[in-house]
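Have a look at the structure below before the remarks.
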Amino acid sequence: MPATLTEKILARAAGRDRVSPGEIITVSVDLAMAHDSSGPRRWKARLEALGTGLWDPDRVVIVSDHYVPAADADSAAILKLTREFARDYGVKNFYDMKGICHVILAQHGHARPGLVIAGGDSHSTNAGAFGCYAAGFGATDMTAIVATGETWTVVPETIRVEIDGALQAGVAAKDIMLALCRDLGMGNHFKAIEYGGEAVRAMDMEQRTVLSNMAAELGGETGIIAPDETTLAYIRAHGGDVEDETMTRWRSDPGCAYAKTHHLDASTLAPQVAAPHSPANAADVTDHLGVGIDQAYIGACVGAKLTDLQMAADVLRGRQVAAGKRLLIAPASGKVTEAAAKDGTLAALTEAGAVILPSGCGACAGLGAGLLAEGEVCISSTNRNFKGRMGHKDAEVWLGSPWTVAASAIEGAIADPRPYLAKAREAA
């Protein structure tokens, strides 16, 4: 019988010919990932009590990204424990203050088609853009996974999201996801979100990861995209080993049973913003023009990759952040910072008045620099805007693409990026 991509991957990992939605199965995990908040400080005491180590240290990835750089003694202690754990348990794939875990997995070729990746973070779905089943697990489950190399899961139904048409100027993958949060809602539990269509095929890998990353906001178990030439070229360019046959093996069969198919015409989509306090509160940016802000923030795994910083520079080049407002930018990794310095992106951002912060989860996760005070309003390229997410519970966070965040920083209020991009094209 025809199977979805998710069903094929889980069947392989369970050692079976096929699996069906709703079944509870045990699968072998190919890669386990955690960060300084979700990993060693949660695992160490449990592993010691069990009297066991890691099932395979070479298939464990640990990234310090939440408490970096340490801003207080407690954060420093967590980082110290993380570093000692990686050393004592033989974890060679330890990336200390190199960037955000989901971006690190991609930049170092760890995510590959057909794998089952278990991550100690809800946005571990990010890796699904590479044609693998990547899902987030809690700390107790992750302890069992790193001890045994196995986990149980419910085989999810698959929702197919077909995105056709060409994205218009000023519209990015982030706008697609905010629209989907509104249209599909955030309660798609026990569902895999599979993306495809003309617009997805036209995207580079950094934009595709936005789709898979924010499957978490849809409530999905994973967000997955079948591999193609773009996927394989990226993996090889970043040190991963992958064979051409993965493109034909790891894809949904014609006639497979989807729970439903949702169609979106990208050519009709305008820039989106999500109002506080939910990504599902999305609407065209024109519905909220002029809402005053105190801070604009470009950061996080979903919103501070190189292409995201380049989007912001497209809008900001030759312009200035509004007086009395602040634009904070936390590149998603050290490699992003390096590339943005080389191509002039960082210069364009800082000349406009942006403040560059260290790479890490920072304000997105309510940690480190960039937090909001009571009553402050921020527009952010991050993936969540729940109450209290970026600081005080009575602050407000709006979500938008890097283009929209940059335009809003210039005006000091929520703004449409399209006029700025049009002027930039005319000047060029």
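Within each chain, counting starts at residue 1; across the structure tokens, chains are named A, B, ... in the order shown, with ligands numbered 1 upward in that order.
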
| Can you tell me, as a VMD selection string, what residues are no more than 9 Å from A:Arg112 when counting only C-alpha atoms, ignoring any on the same chain fewer than 6 positions away? | chain A and resid 106 127 to 128 130 to 132 227 231 to 232 235 240 to 242

Put those residues in a file: C-alpha atoms, as a PDB file, in the first residue's frame.
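Just written: out-v5.pdb:
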```pdb
ATOM      1  CA  ALA A 106      22.126  21.925   9.493  1.00  0.00           C
ATOM      2  CA  ALA A 127      15.688  19.330  10.739  1.00  0.00           C
ATOM      3  CA  GLY A 128      12.687  17.899   8.898  1.00  0.00           C
ATOM      4  CA  PHE A 130      16.229  17.723   5.118  1.00  0.00           C
ATOM      5  CA  GLY A 131      13.798  14.841   4.596  1.00  0.00           C
ATOM      6  CA  CYS A 132      14.154  13.259   8.040  1.00  0.00           C
ATOM      7  CA  PRO A 227      14.663  15.799  -0.387  1.00  0.00           C
ATOM      8  CA  THR A 231      18.702  19.363  -0.223  1.00  0.00           C
ATOM      9  CA  LEU A 232      21.557  17.116  -1.295  1.00  0.00           C
ATOM     10  CA  ILE A 235      24.174  18.651   2.886  1.00  0.00           C
ATOM     11  CA  GLY A 240      27.372  15.541   5.195  1.00  0.00           C
ATOM     12  CA  ASP A 241      27.465  12.273   3.272  1.00  0.00           C
ATOM     13  CA  VAL A 242      24.355  11.550   1.199  1.00  0.00           C
TER      14      VAL A 242
END
```

| message | Quick one: residues within 8 Å of A:Ala330, only C-alpha atoms, excluding same-chain residues fewer than 2 positions away - as a ChimeraX atom specification? | response | /A:298-300,304,328,332,356-360,362

| message | Among stretch 70-278 of chain A, which ones does DSSP assign to helix (DSSP H, G or I) (computed from the backbone)? Answer as a ChimeraX atom specification. | response | /A:73-88,101-107,122-130,139-148,173-184,198-201,205-213,229-237,246-249,266-268

| Can you list, as a PyMOL selection string, every protein, DNA or RNA residue that comes within 6 Å of A:Ser64 when you count only C-alpha atoms, leaving out same-chain residues fewer than 2 positions away? | chain A and resi 35-36+96-97

Pull C-alpha atoms from the residues just selected and write them as an mmCIF file, in the first residue's frame.
```
data_model
loop_
_atom_site.group_PDB
_atom_site.id
_atom_site.type_symbol
_atom_site.label_atom_id
_atom_site.label_comp_id
_atom_site.auth_asym_id
_atom_site.auth_seq_id
_atom_site.Cartn_x
_atom_site.Cartn_y
_atom_site.Cartn_z
ATOM 1 C CA HIS A 35 21.159 21.991 24.333
ATOM 2 C CA ASP A 36 22.490 23.313 27.611
ATOM 3 C CA ASP A 96 30.070 25.234 22.672
ATOM 4 C CA MET A 97 28.849 28.769 21.998
#
```

Cut-off 12 Å: closest stretch 286-385 of chain A/stretch 251-274 of chain A atom pairs per residue, using only C-alpha atoms, as JSON lines:
```
{"residue": "A:Thr286", "atom": "CA", "partner": "A:Pro271", "partner_atom": "CA", "distance": 8.3}
{"residue": "A:Asp287", "atom": "CA", "partner": "A:Val273", "partner_atom": "CA", "distance": 8.9}
{"residue": "A:His288", "atom": "CA", "partner": "A:Val273", "partner_atom": "CA", "distance": 8.0}
{"residue": "A:Leu289", "atom": "CA", "partner": "A:Val273", "partner_atom": "CA", "distance": 9.9}
{"residue": "A:Val291", "atom": "CA", "partner": "A:Val273", "partner_atom": "CA", "distance": 11.3}
{"residue": "A:Cys378", "atom": "CA", "partner": "A:Ala274", "partner_atom": "CA", "distance": 11.6}
{"residue": "A:Ile379", "atom": "CA", "partner": "A:Val273", "partner_atom": "CA", "distance": 8.7}
{"residue": "A:Ser380", "atom": "CA", "partner": "A:Val273", "partner_atom": "CA", "distance": 9.5}
{"residue": "A:Ser381", "atom": "CA", "partner": "A:Val273", "partner_atom": "CA", "distance": 9.8}
{"residue": "A:Thr382", "atom": "CA", "partner": "A:Ala274", "partner_atom": "CA", "distance": 10.9}
{"residue": "A:Asn383", "atom": "CA", "partner": "A:Ala274", "partner_atom": "CA", "distance": 10.0}
{"residue": "A:Arg384", "atom": "CA", "partner": "A:Ala274", "partner_atom": "CA", "distance": 9.4}
{"residue": "A:Asn385", "atom": "CA", "partner": "A:Ala274", "partner_atom": "CA", "distance": 8.2}
```

Each residue of stretch 285-400 of chain A with at least one atom at most 12 Å from stretch 197-209 of chain A should appear once, together with its nearest atom pair and the corresponding distance in Å (one decimal); atoms considered: only C-alpha atoms; ordering: chain, then increasing residue number; output as a Markdown table.
```
| residue | atom | partner | partner_atom | distance |
| --- | --- | --- | --- | --- |
| A:Cys301 | CA | A:Thr209 | CA | 9.1 |
| A:Val302 | CA | A:Thr209 | CA | 7.4 |
| A:Gly303 | CA | A:Gln207 | CA | 9.6 |
| A:Ala304 | CA | A:Glu206 | CA | 10.0 |
| A:Lys305 | CA | A:Glu206 | CA | 7.1 |
| A:Leu306 | CA | A:Glu206 | CA | 8.2 |
| A:Thr307 | CA | A:Glu206 | CA | 7.0 |
| A:Asp308 | CA | A:Glu206 | CA | 8.6 |
| A:Leu309 | CA | A:Glu206 | CA | 11.6 |
| A:Gln310 | CA | A:Glu206 | CA | 11.9 |
| A:Met311 | CA | A:Gln207 | CA | 11.6 |
| A:Ala332 | CA | A:Glu206 | CA | 11.4 |
| A:Val336 | CA | A:Glu206 | CA | 11.6 |
```

Hey, could you make a per-residue contact list for stretch 137-172 of chain A against stretch 19-25 of chain A with 12 Å as the cut-off, showing the nearest pair of atoms and its distance in Å to one decimal, counting only C-alpha atoms, sorted by chain and number, as JSON lines?
```
{"residue": "A:Glu150", "atom": "CA", "partner": "A:Ile25", "partner_atom": "CA", "distance": 10.4}
{"residue": "A:Thr151", "atom": "CA", "partner": "A:Ile25", "partner_atom": "CA", "distance": 8.4}
{"residue": "A:Trp152", "atom": "CA", "partner": "A:Ile25", "partner_atom": "CA", "distance": 5.5}
{"residue": "A:Thr153", "atom": "CA", "partner": "A:Ile25", "partner_atom": "CA", "distance": 5.6}
{"residue": "A:Val154", "atom": "CA", "partner": "A:Ile24", "partner_atom": "CA", "distance": 4.4}
{"residue": "A:Val155", "atom": "CA", "partner": "A:Pro21", "partner_atom": "CA", "distance": 4.7}
{"residue": "A:Pro156", "atom": "CA", "partner": "A:Pro21", "partner_atom": "CA", "distance": 5.1}
{"residue": "A:Glu157", "atom": "CA", "partner": "A:Pro21", "partner_atom": "CA", "distance": 5.2}
{"residue": "A:Thr158", "atom": "CA", "partner": "A:Pro21", "partner_atom": "CA", "distance": 8.5}
{"residue": "A:Ile159", "atom": "CA", "partner": "A:Pro21", "partner_atom": "CA", "distance": 11.8}
```

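With only C-alpha atoms as the atoms that count, the minimum distance from A:Trp43 to the choices A:Gln107, A:Thr125, A:Ser278, A:Thr143 is reached by A:Thr143.
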
| query | If you run DSSP on this backbone, which residues of stretch 155-249 of chain A come out as strand (DSSP E), and could you give them as a list in words? | reply | Glu157, Thr158, Ile159, Arg160, Val161, Glu162, Ile163, Asp164, Lys191, Ala192, Ile193, Glu194, Tyr195, Gly196, Thr222, Gly223, Ile224 and Ile225 of chain A

| task | Fewer than 6 positions away in the same chain doesn't count, so skip those; otherwise give me all residues within 6 Å of stretch 48-62 of chain A, counting only C-alpha atoms, as a ChimeraX atom specification. | result | /A:31-35,90-91,93-94,146-149

Using the selection just defined, write its residues with all heavy atoms as a short mmCIF file (atom, residue, chain, number, x, y, z; two decimals), in the first residue's frame.
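again.cif, freshly written:
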```
data_model
loop_
_atom_site.label_atom_id
_atom_site.label_comp_id
_atom_site.auth_asym_id
_atom_site.auth_seq_id
_atom_site.Cartn_x
_atom_site.Cartn_y
_atom_site.Cartn_z
N LEU A 31 19.95 9.89 15.68
CA LEU A 31 20.70 11.01 16.22
C LEU A 31 19.89 11.63 17.34
O LEU A 31 18.67 11.84 17.21
CB LEU A 31 20.97 12.06 15.13
CG LEU A 31 21.92 13.19 15.50
CD1 LEU A 31 23.36 12.69 15.53
CD2 LEU A 31 21.80 14.34 14.48
N ALA A 32 20.56 11.93 18.46
CA ALA A 32 19.92 12.61 19.59
C ALA A 32 20.62 13.94 19.81
O ALA A 32 21.84 14.02 19.80
CB ALA A 32 20.00 11.76 20.85
N MET A 33 19.84 14.99 19.99
CA MET A 33 20.39 16.33 20.14
C MET A 33 19.75 17.01 21.34
O MET A 33 18.56 16.87 21.59
CB MET A 33 20.12 17.15 18.87
CG MET A 33 20.69 18.57 18.90
SD MET A 33 19.65 19.79 19.76
CE MET A 33 18.19 19.82 18.73
N ALA A 34 20.56 17.76 22.08
CA ALA A 34 20.03 18.58 23.16
C ALA A 34 20.91 19.80 23.34
O ALA A 34 22.05 19.85 22.85
CB ALA A 34 19.96 17.79 24.46
N HIS A 35 20.38 20.79 24.05
CA HIS A 35 21.16 21.99 24.33
C HIS A 35 21.44 22.09 25.83
O HIS A 35 21.11 21.18 26.60
CB HIS A 35 20.46 23.24 23.81
CG HIS A 35 19.00 23.34 24.15
ND1 HIS A 35 18.55 23.46 25.43
CD2 HIS A 35 17.89 23.35 23.35
CE1 HIS A 35 17.22 23.56 25.44
NE2 HIS A 35 16.79 23.47 24.19
N GLY A 90 32.29 11.53 26.55
CA GLY A 90 32.86 11.30 25.24
C GLY A 90 32.06 11.82 24.07
O GLY A 90 32.08 11.22 22.99
N VAL A 91 31.35 12.92 24.28
CA VAL A 91 30.54 13.51 23.20
C VAL A 91 31.44 14.39 22.33
O VAL A 91 31.79 15.51 22.71
CB VAL A 91 29.37 14.33 23.77
CG1 VAL A 91 28.55 14.95 22.64
CG2 VAL A 91 28.49 13.44 24.65
N ASN A 93 30.65 15.52 19.30
CA ASN A 93 29.83 16.52 18.61
C ASN A 93 29.26 17.51 19.63
O ASN A 93 28.04 17.60 19.83
CB ASN A 93 28.71 15.85 17.81
CG ASN A 93 29.24 15.01 16.67
OD1 ASN A 93 30.11 15.45 15.92
ND2 ASN A 93 28.72 13.79 16.54
N PHE A 94 30.16 18.22 20.29
CA PHE A 94 29.78 19.24 21.26
C PHE A 94 30.15 20.60 20.67
O PHE A 94 31.31 20.87 20.36
CB PHE A 94 30.50 19.02 22.58
CG PHE A 94 30.28 20.12 23.60
CD1 PHE A 94 29.02 20.65 23.82
CD2 PHE A 94 31.35 20.62 24.35
CE1 PHE A 94 28.82 21.66 24.75
CE2 PHE A 94 31.16 21.62 25.28
CZ PHE A 94 29.89 22.15 25.48
N VAL A 146 18.93 8.74 25.08
CA VAL A 146 20.40 8.74 25.04
C VAL A 146 20.98 7.54 25.78
O VAL A 146 22.13 7.15 25.54
CB VAL A 146 21.00 10.06 25.59
CG1 VAL A 146 20.55 11.24 24.74
CG2 VAL A 146 20.66 10.27 27.05
N ALA A 147 20.20 6.91 26.66
CA ALA A 147 20.67 5.72 27.36
C ALA A 147 20.50 4.46 26.54
O ALA A 147 21.32 3.54 26.63
CB ALA A 147 19.94 5.57 28.69
N THR A 148 19.44 4.41 25.70
CA THR A 148 19.10 3.17 24.99
C THR A 148 19.17 3.27 23.48
O THR A 148 19.25 2.24 22.81
CB THR A 148 17.67 2.73 25.36
OG1 THR A 148 16.72 3.68 24.82
CG2 THR A 148 17.49 2.63 26.87
N GLY A 149 19.08 4.47 22.92
CA GLY A 149 19.04 4.63 21.47
C GLY A 149 17.68 4.30 20.87
O GLY A 149 17.55 4.18 19.65
#
```

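The gap separating atom CA of A:Gly136 from atom CA of A:Ser122 is 4.6 Å, in Å to one decimal.
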
| remark: Residue with the minimum atom-to-atom distance to A:Gly239, picked from A:Thr6, A:Leu105, A:Gly375, A:Ala413 with only C-alpha atoms counted, is A:Leu105

| message | Applying 10 Å and only C-alpha atoms, which residues near A:Gln295 remain after dropping the ones on its own chain fewer than 6 positions away? List them as a ChimeraX atom specification. | response | /A:324-328,370-372,376-380,397,405,408-409,412-413

| field | Nearest candidate to A:Leu81 (options A:Gly388, A:Gly114, A:Pro69, A:Pro40; using only C-alpha atoms) | value |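 Nearest candidate to A:Leu81 out of A:Gly388, A:Gly114, A:Pro69, A:Pro40: A:Pro40.
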